[in-house]
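Read the structure below first, then the notes.
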Amino acid sequence: MQRQFEEGTTLDRFIFETTKVHADATGQFATLLQQVALASRLVAARVNRAGLAGMLGETGEMNVQGEFVQKLDIYANDAFKRALEHPGVCAAILSEEDEEATLTPDRFHSGRYIFCMDPLDGSSNIDVNATIGTIFGIFRRRTEEGTPATADDILQSGNEVVAAGYVVYGSGTVMVLAVDGQVNGFTLDPVVGEFFLSHPDIKLEPKANTYSVNEAYAYAWNPKLRRYIDHLKQGGEGYRARYIGSLVADFHRNLIKGGVFMYPPTETNPDGKLRLLYEAFPLAFIVETAGGRASNGSTRILDVTPTEMHARTALYIGNTVNVDEVEAALR
Ligand code: AHM
Ligand code: MG
């Protein structure tokens, strides 16, 4: 029987209770999650004060994805890397912002886990105070601990994800964690600086009636998808649309209220825009743990093995019946 946690449980207690049941636990996984929580608190504090702390706007540089880097992107990327490289729990950190994987420097222990992250998703929404977030996925390394990580550790199939989560910096800061077969959401109390369980055991209904997609690109979609979305707009099934343009915010709303998020291939992004390792894998792991589905249109996202770190993918993710319907429409 799965352990149920009570609302108000602290994140620290949750981590302790969840990890102590594993006989082979070395404490590394618990430390990893605690460090993620620390970095999230640092980023949340900075996001809340961005307009005062000179953190709005671009740095003038472009990242590996060809996108303009925002000051907060850099801050978040550094905060997570610093928090994770020294406690000896990670072998490598892969970030959407960095061209190469960051291997744990020799002076620290090269630990058990590979941490993949989009340190600040939804960057285009930073300057307008709309919700942004951090998305992360965790793999166990394949090679021996204490040695430098290799390509084998870094490019693993989505089926090897062991835990995943995200943090939304919105009207409040919420961390959602999928670990040990359960999805739980924790809200940060900024006064005491602790996350408390606010959304225990999140589960998705089989079907929802919200869809999230950037319809401005409809002209470039597969016509089959266009016909499916047109069908949803006929009104019979009572569909509504929601799209803010921060994947993490759109996904979070759909996880709590139900809905399907879609980012199909387009003219400018023929392989889709979203990144497999930093966005699709973690959210696919979370959605499946909550009873939903994630597909690239024909294949289950977690069955894919990336061929390169920054691989992109089309993404259809949310309640099971909705994702089934999209796949059927595309067939
Ligand atoms: P980012 O990781 O650089 O922020 O880019 C990804 C974002 C997603 O958060 C969001 O769903 C998507 O890009 C929005 O793209 P578009 O403006 O093309 O709809
Ligand atoms: Mg992103």
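Convention: chains lettered A, B, ... in structure tokens order; per-chain residue numbering from 1; ligands numbered from 1 as shown.
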### Query
What's the 10 Å shell around Pro270 of chain A, counting only C-alpha atoms, without same-chain residues fewer than 2 positions away, as a list in words?
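The contact residues come out as Ala220, Trp221, Pro264, Pro265, Thr266, Glu267, Thr268, Gly272, Lys273, Arg312, Thr313 and Ala314 of chain A.
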### Task
Output the neighbourhood of ligand 1 as a list in words, that is, all protein and nucleic acid residues with some atom at most 7 Å from the ligand, counting only C-alpha atoms and all ligand atoms.
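Answer in the requested format: Glu67, Asp118, Leu120, Asp121, Gly122, Ser123, Ser124, Asn214, Gly245, Ser246, Leu247, Val248, Lys273 and Leu274 of chain A.
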### Message
From a backbone DSSP assignment, name each residue in segment 89-201 of chain A labelled alpha helix (DSSP H), as a list in words.
### Response
Ala151, Asp152, Asp153 and Ile154 of chain A
Those selected residues, please, written with N, CA and C atoms and delivered as a short mmCIF file (atom, residue, chain, number, x, y, z; two decimals), in the first residue's frame.
```cif
data_model
loop_
_atom_site.label_atom_id
_atom_site.label_comp_id
_atom_site.auth_asym_id
_atom_site.auth_seq_id
_atom_site.Cartn_x
_atom_site.Cartn_y
_atom_site.Cartn_z
N ALA A 151 28.85 9.36 -21.95
CA ALA A 151 27.68 9.53 -22.83
C ALA A 151 26.59 8.50 -22.48
N ASP A 152 27.00 7.31 -22.02
CA ASP A 152 26.03 6.28 -21.63
C ASP A 152 25.13 6.73 -20.48
N ASP A 153 25.72 7.53 -19.61
CA ASP A 153 24.94 8.02 -18.46
C ASP A 153 23.97 9.11 -18.90
N ILE A 154 24.42 9.86 -19.90
CA ILE A 154 23.72 11.09 -20.25
C ILE A 154 22.55 10.86 -21.19
#
```
### Message
Could you list, as JSON, numbers by chain, every residue within 12 Å of Val176 of chain A, counting only C-alpha atoms and ignoring same-chain residues fewer than 6 positions away?
### Response
{"A": [11, 33, 36, 37, 40, 133, 134, 135, 136, 137, 163, 164, 165, 166, 167, 168, 169, 182, 183, 184, 185, 186, 187, 188, 195, 196, 197, 198, 199, 200, 201, 202, 248, 249, 251, 252, 253, 255, 256, 282, 283, 285, 286, 287, 289, 290]}
#### Entry: Polymer residues at most 9 Å from Ser212 of chain A, only C-alpha atoms, same-chain spacing of 6 or more positions, as a list in words
Arg240, Ala241, Arg242, Tyr243, Ile244, Asp250, Phe251, Asn254, Gly259, Val260, Phe261, Met262 and Tyr263 of chain A
### Message
Could you list, as a ChimeraX atom specification, every residue within 6 Å of Gln70 of chain A, counting only C-alpha atoms and ignoring same-chain residues fewer than 2 positions away?
### Response
/A:57-59,72-73
### Task
Name the residues of segment 120-232 of chain A that come out as strand (DSSP E) in a backbone DSSP run; write them as JSON, numbers by chain.
{"A": [120, 121, 132, 133, 134, 135, 136, 137, 138, 139, 140, 161, 162, 163, 164, 165, 166, 167, 168, 169, 173, 174, 175, 176, 177, 178, 179, 182, 183, 184, 185, 186, 187, 188, 189, 194, 195, 196, 197, 198, 199, 210, 211, 212]}
